[in-house]
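**Q** After the structure tokens below, expect a handful of questions from me.
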Amino acid sequence: MTSSDEALAQSATSADTAPGSQEPGAARGAQGRGTAPTGAGTWRSRLYRWDMKASPYAFISPFFIIFGAFSLVPLLYTAWYSLHHVQLSNLDGQTWAGLDNYTNLFQSDFFWNALKNTFTIGVISTVPQLIAAIWLAHMLNYRLRGSTVWRVVMLTPYATSVAAATLVFVLLFSPDTGMINWALDLVGIDPVNWRESDWGSQAAVSSIVIWRWTGYNALIYLAAMQAIPADLYESAALDGANRWQQFRHVTIPMLRPTILFTVVVSTIGATQLFGEPLLFGGVSGTKGGSEHQYQTLGLYMYDQGWIVGNLGKASAIAWSMFLILLIVAAVNLLITRRLRKTQ
Amino acid sequence: MTTITDATPPQVAQDAEPPRRRRILGAGKQLHAGPVTYLVLILFAVISLAPLLWTAVAASRTNTRLAQTPPPFWFGGNLFKNLETAWNQAGMGTAMWNTILVAATITVGTVLFSTLAGFAFAKLRFRFSTTLLLITIGTMMIPPQLAVVPLYLWMTDLGWANHLQTVILPTLVSAFGTFFMRQYLVQALPTELIEAARVDGASSLRVVWHVVFPAARPAMAVLGLLTFVMAWNDFLWPIIALNGENPTVQVALNQLGTGYIPDDSVIMAGALLGTLPLLIAFLLFGKQIVGGIMQGAVKG
């Protein structure tokens, strides 16, 4: 904190003095852009050089200080707490636990269940979402009447918070009185128990994610599609490619970096999935359903930490999540490299 | 990464739309949409909007009506009664004011700090700048779950549980915002302008005030909108740090969802209230928000 304050104070003083008085030293320092002035530096030119040197760090310091204090240091402390017994009911009585929290975790069926659910829900929410988003982007890329209106409409689910969206979907997916089972009944499909059945509840939770994020991802794809040079399509058309072939052989390959980007972002989001299953479960939300059928890792962590009251174990879950993410990121990087090489 | 020489003049006000539209026209093969396309788009639009519309329908009914099949498809006469119950008893009133305060503070902080850091990364030369930028981008991968246990313990120690600064402080900066501003300023801020100000003897702070902020204004507005939406909807840390006495909108909705008031029509009224401000923002600034997301995507 102090160093940045000093830097700001210093540049503030030079701001007060420098502009009016056209000191030769200052001007020379300016032309040099931070290089040493040729003549003997007055204190002002020295101040100026100091301003040039320090101000970049002053400008980035708010980010790094706040990020450090509220993200990086806590991240390390989470690791520390994961090696301790920390109870919500007795916050001051922390005792060393070694790897107890981790062995406890890896022997728990609920942990592996949560990991499996996180993976399943992650796949069934991400894959349809991204495919729908590419399709939607492709259509938005046509010349449309009121193109902006269409885009804003597709983005409105993004304005809806996880909590609000989930509360609505809980009613829509209500097994007895919900709109969705009513509509299924209309077309002669038996009602689905969206609360209790494994795949039913996981599909319902995934549908909330899909609903909220498809439009957002479509806009990202749309932006990338608009950056594809038109002559690629022209030469493809000259070669006799129809629209589908153009989409398949021009659009998709050109979108590849963007697709990878959205896969990474969606994977990160899926690993942290929390609010949707929590509120989908209602009163017993932290358990992720009566059979824990949609308890994700994020939910399991919150349950262990703030409902069961075992913050040490919650820390261990958090770090496990982080390690899983790092592994996923590494695998992603390898795949990207491989793809680049084969291209 | 650190090209600081390409200085396209800032096409400040209308930077996003006109060139893009021209590109669509130039694409040639991207013909007019046919009726089938419109049909599918209408389907997508219905799916996007129907749950929100139905929230309003359900909020205007009674709990008993919502427990019957078929579900209601049109508005009833109970909207204002339910909104009032949600506002007063479910704490949505307090929650709305709290959230406006929280989201506004976070927006101001994030935009200001992101612009400063983005400017430094885009236009200033300093040691380790590339490494620090990469670290900034890398931090976007860290899930919020990694911070909440220690934050909770410290905030409890400080006696800050249930105080709004607890949810404001950790979110006051943004790696995404920093990167977003950096990408914008690399293009939109001519290096000659900075040089000229330097020659006149301007200090770094004066450069920021008189050169960087004016050039960055459109991107700052967009980042502000995006940040406000994200801050309004932030969920995990607020529900840990705050409770029903001093909630944000999401905390109040979470309480409603866990059976605080067992009345579905009131719950829907709460969801409607908590979403309405952002829907209005989308109605007013939808074009800018869409542009911002697409801009962030192309350059990212």
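In the structure tokens, chains take letters A, B, ... by order of appearance, with residues numbered from 1 within each chain and ligands from 1 in the order shown.
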Need to verify the contact set: region 239-254 of chain A, 7 Å, only C-alpha atoms, exclusion of same-chain residues closer than 6 positions in sequence. Can you return it as a list of chain:residue names?
**A**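 In the requested form, the answer reads A:Met225, A:Ile228, A:Tyr233.
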**Q** If we count only C-alpha atoms and set the cut-off at 7 Å, which residues sit around Met154 (chain A), ignoring sequence neighbours fewer than 2 positions away in its own chain? Please answer as number ranges by chain.
**A** A: 150-152, 156, 215; B: 45, 48
**Q** Let's have the selection written as a short mmCIF file (atom, residue, chain, number, x, y, z; two decimals), in the first residue's frame, with N, CA and C atoms.
**A**
```cif
data_model
loop_
_atom_site.label_atom_id
_atom_site.label_comp_id
_atom_site.auth_asym_id
_atom_site.auth_seq_id
_atom_site.Cartn_x
_atom_site.Cartn_y
_atom_site.Cartn_z
N TRP A 150 -32.66 -8.63 -32.10
CA TRP A 150 -32.47 -10.08 -31.94
C TRP A 150 -31.36 -10.37 -30.95
N ARG A 151 -30.26 -9.65 -31.11
CA ARG A 151 -29.10 -9.93 -30.22
C ARG A 151 -29.44 -9.63 -28.77
N VAL A 152 -30.10 -8.50 -28.55
CA VAL A 152 -30.43 -8.15 -27.16
C VAL A 152 -31.39 -9.19 -26.57
N THR A 156 -31.00 -11.58 -23.04
CA THR A 156 -31.74 -11.29 -21.81
C THR A 156 -31.58 -12.36 -20.72
N GLY A 215 -27.12 -17.56 -25.29
CA GLY A 215 -27.10 -16.29 -26.02
C GLY A 215 -25.76 -15.58 -25.89
N ALA B 45 -36.00 -16.89 -29.52
CA ALA B 45 -36.43 -15.69 -28.78
C ALA B 45 -37.50 -16.05 -27.76
N SER B 48 -35.94 -17.69 -24.88
CA SER B 48 -35.20 -16.72 -24.07
C SER B 48 -36.13 -15.89 -23.19
#
```
**Q** Determine which residues of region 149-206 of chain B DSSP labels as helix (DSSP H, G or I) from the backbone of this structure, then write them out as a PyMOL selection string.
**A** chain B and resi 149-158+164-171+175-188+191-199+204-206
**Q** Output C-alpha atoms of each residue in that selection to a file, as an mmCIF file, in the first residue's frame.
**A**
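Output contents, as saved in result06.cif:
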```cif
data_model
loop_
_atom_site.group_PDB
_atom_site.id
_atom_site.type_symbol
_atom_site.label_atom_id
_atom_site.label_comp_id
_atom_site.auth_asym_id
_atom_site.auth_seq_id
_atom_site.Cartn_x
_atom_site.Cartn_y
_atom_site.Cartn_z
ATOM 1 C CA VAL B 149 -13.030 -19.765 3.825
ATOM 2 C CA PRO B 150 -10.229 -17.389 4.877
ATOM 3 C CA LEU B 151 -12.263 -14.336 3.871
ATOM 4 C CA TYR B 152 -15.108 -15.555 6.027
ATOM 5 C CA LEU B 153 -12.807 -16.116 9.005
ATOM 6 C CA TRP B 154 -11.150 -12.713 8.662
ATOM 7 C CA MET B 155 -14.371 -10.808 8.142
ATOM 8 C CA THR B 156 -15.862 -12.501 11.195
ATOM 9 C CA ASP B 157 -12.781 -11.499 13.186
ATOM 10 C CA LEU B 158 -13.139 -7.917 12.038
ATOM 11 C CA LEU B 164 -21.718 -4.239 2.837
ATOM 12 C CA GLN B 165 -18.004 -3.465 2.593
ATOM 13 C CA THR B 166 -17.465 -7.194 3.048
ATOM 14 C CA VAL B 167 -18.978 -7.913 -0.353
ATOM 15 C CA ILE B 168 -17.648 -4.740 -2.000
ATOM 16 C CA LEU B 169 -13.935 -4.923 -1.235
ATOM 17 C CA PRO B 170 -12.994 -8.293 -2.776
ATOM 18 C CA THR B 171 -14.754 -7.464 -6.051
ATOM 19 C CA ALA B 175 -8.803 -9.098 -14.243
ATOM 20 C CA PHE B 176 -11.304 -9.246 -17.071
ATOM 21 C CA GLY B 177 -11.813 -5.482 -16.869
ATOM 22 C CA THR B 178 -8.092 -4.788 -16.887
ATOM 23 C CA PHE B 179 -7.598 -6.952 -19.957
ATOM 24 C CA PHE B 180 -10.668 -5.461 -21.639
ATOM 25 C CA MET B 181 -9.394 -1.890 -21.170
ATOM 26 C CA ARG B 182 -5.894 -2.865 -22.231
ATOM 27 C CA GLN B 183 -7.188 -4.345 -25.493
ATOM 28 C CA TYR B 184 -9.257 -1.263 -26.173
ATOM 29 C CA LEU B 185 -6.563 1.277 -25.377
ATOM 30 C CA VAL B 186 -3.909 -0.434 -27.493
ATOM 31 C CA GLN B 187 -5.985 0.550 -30.510
ATOM 32 C CA ALA B 188 -7.979 3.568 -29.452
ATOM 33 C CA THR B 191 0.690 7.000 -28.682
ATOM 34 C CA GLU B 192 1.455 10.396 -30.290
ATOM 35 C CA LEU B 193 -1.165 11.982 -28.061
ATOM 36 C CA ILE B 194 0.659 10.746 -24.989
ATOM 37 C CA GLU B 195 3.999 11.842 -26.413
ATOM 38 C CA ALA B 196 2.610 15.286 -27.137
ATOM 39 C CA ALA B 197 1.351 15.639 -23.598
ATOM 40 C CA ARG B 198 4.736 14.495 -22.312
ATOM 41 C CA VAL B 199 6.541 17.093 -24.397
ATOM 42 C CA SER B 204 1.546 10.712 -15.705
ATOM 43 C CA LEU B 205 -1.524 11.640 -13.709
ATOM 44 C CA ARG B 206 -2.246 14.567 -16.019
#
```
**Q** Which of these, B:Gly286, B:Ile142, B:Thr136, B:Leu116, has the shortest distance to Val211 (chain B) once you count only C-alpha atoms?
**A**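 Once distances to Val211 (chain B) are computed over only C-alpha atoms, the minimum belongs to B:Leu116.
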**Q** Mind giving me the straight-line distance from CA of Ser207 (chain A) to CA of Gln255 (chain B) in Å, one decimal?
**A**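 Interatomic distance here is 22.3 Å.
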**Q** Give me, as a list in words, all polymer residues having an atom no more than 9 Å from Lys287 (chain B), counting only C-alpha atoms and skipping those fewer than 2 positions away in the same chain.
**A**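 Everything that qualifies: Thr148, Val149, Arg151 and Val152 of chain A; Phe282, Leu283, Leu284, Phe285, Ile289, Val290, Gly291 and Gly292 of chain B.
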**Q** Would you put the residues from that selection into a file with C-alpha atoms, as a JSON list (two decimals), in the first residue's frame?
**A**
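Writing the result to again-v9.json gives the following:
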```json
[["chain", "number", "residue", "atom", "x", "y", "z"],
["A", 148, "THR", "CA", -29.65, -5.50, -32.70],
["A", 149, "VAL", "CA", -33.06, -6.38, -31.27],
["A", 151, "ARG", "CA", -29.10, -9.93, -30.22],
["A", 152, "VAL", "CA", -30.43, -8.15, -27.16],
["B", 282, "PHE", "CA", -30.91, -4.02, -21.07],
["B", 283, "LEU", "CA", -33.82, -2.19, -22.61],
["B", 284, "LEU", "CA", -31.91, 1.10, -22.45],
["B", 285, "PHE", "CA", -28.36, -0.04, -23.13],
["B", 289, "ILE", "CA", -23.90, -4.35, -23.73],
["B", 290, "VAL", "CA", -24.10, -6.59, -26.81],
["B", 291, "GLY", "CA", -21.36, -4.53, -28.44],
["B", 292, "GLY", "CA", -19.20, -4.82, -25.35]]
```
**Q** Please list as an NGL selection string every residue within 7 Å of region 116-128 of chain A, counting only C-alpha atoms and excluding residues in the same chain fewer than 2 positions away.
**A** :A and (112-114 or 130-132 or 202 or 206-207 or 209-210 or 266 or 270-271 or 294-297)
**Q** Would you export the selected residues with C-alpha atoms as a CSV table (one decimal), in the first residue's frame, please?
**A**
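Listing of part-v5.csv after writing:
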```csv
chain,number,residue,atom,x,y,z
A,112,TRP,CA,-16.7,-38.9,-5.6
A,113,ASN,CA,-20.4,-38.6,-6.1
A,114,ALA,CA,-20.1,-34.8,-6.2
A,130,LEU,CA,-22.1,-24.5,-27.3
A,131,ILE,CA,-23.7,-26.3,-30.3
A,132,ALA,CA,-26.9,-24.2,-29.9
A,202,GLN,CA,-29.4,-33.3,-13.6
A,206,SER,CA,-28.3,-28.2,-16.8
A,207,SER,CA,-31.2,-26.6,-18.6
A,209,VAL,CA,-27.2,-23.2,-17.3
A,210,ILE,CA,-28.0,-23.7,-21.0
A,266,SER,CA,-17.4,-23.0,-19.8
A,270,ALA,CA,-19.0,-25.9,-14.8
A,271,THR,CA,-16.4,-26.8,-12.3
A,294,TYR,CA,-27.2,-33.3,-8.2
A,295,GLN,CA,-24.8,-32.3,-5.5
A,296,THR,CA,-21.8,-30.7,-7.3
A,297,LEU,CA,-18.4,-30.0,-5.8
```
**Q** Which residue gives the smallest distance to Leu39 (chain B) among A:Ala329, A:Thr286, A:Leu167, A:Leu136, with only C-alpha atoms counted?
**A** A:Leu136
**Q** If we count only C-alpha atoms, what is near Leu132 (chain B) at a cut-off of 12 Å, once residues fewer than 3 positions away on the same chain are taken out, given as a ChimeraX atom specification?
**A** /A:56-57,60-61,63-64 /B:117-118,120-121,126-129,135-139,175,178-179
**Q** CA of Leu43 (chain B) to CA of Trp232 (chain B): how many Å, to one decimal?
**A**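 Separation of CA of Leu43 (chain B) and CA of Trp232 (chain B): 28.4 Å.
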**Q** Neighbouring residues of Phe73 (chain B) were defined as those with any atom within 8 Å, considering only C-alpha atoms; residues of the same chain fewer than 2 positions away were excluded. Please report them as number ranges by chain.
**A** B: 54, 57, 71, 75
**Q** I need the residue nearest chain B from this list: A:Ala159, A:Ala203, A:Ala316, A:Ile335. Use only C-alpha atoms for the distance.
**A**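 Going through A:Ala159, A:Ala203, A:Ala316, A:Ile335 one by one, the smallest distance to chain B is for A:Ala159.
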**Q** Write out as a ChimeraX atom specification the residues lying within 10 Å of Thr62 (chain B), counting only C-alpha atoms and excluding same-chain residues fewer than 5 positions away.
**A** /B:67,76-79,81-82,263-266
**Q** Provide the CA of Trp182 (chain A) to CA of Thr69 (chain B) distance in Å, to one decimal place.
**A**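 Separation of CA of Trp182 (chain A) and CA of Thr69 (chain B): 7.6 Å.
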**Q** So that I can check the secondary structure, give me every residue of region 71-111 of chain A assigned strand (DSSP E or B) by backbone DSSP, as a list in words.
**A**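 Residues meeting the strand (DSSP E or B) criterion: His84, His85, Val86, Gln87, Asn90, Leu91, Asp92, Gly93, Gln94, Thr95 and Trp96 of chain A.
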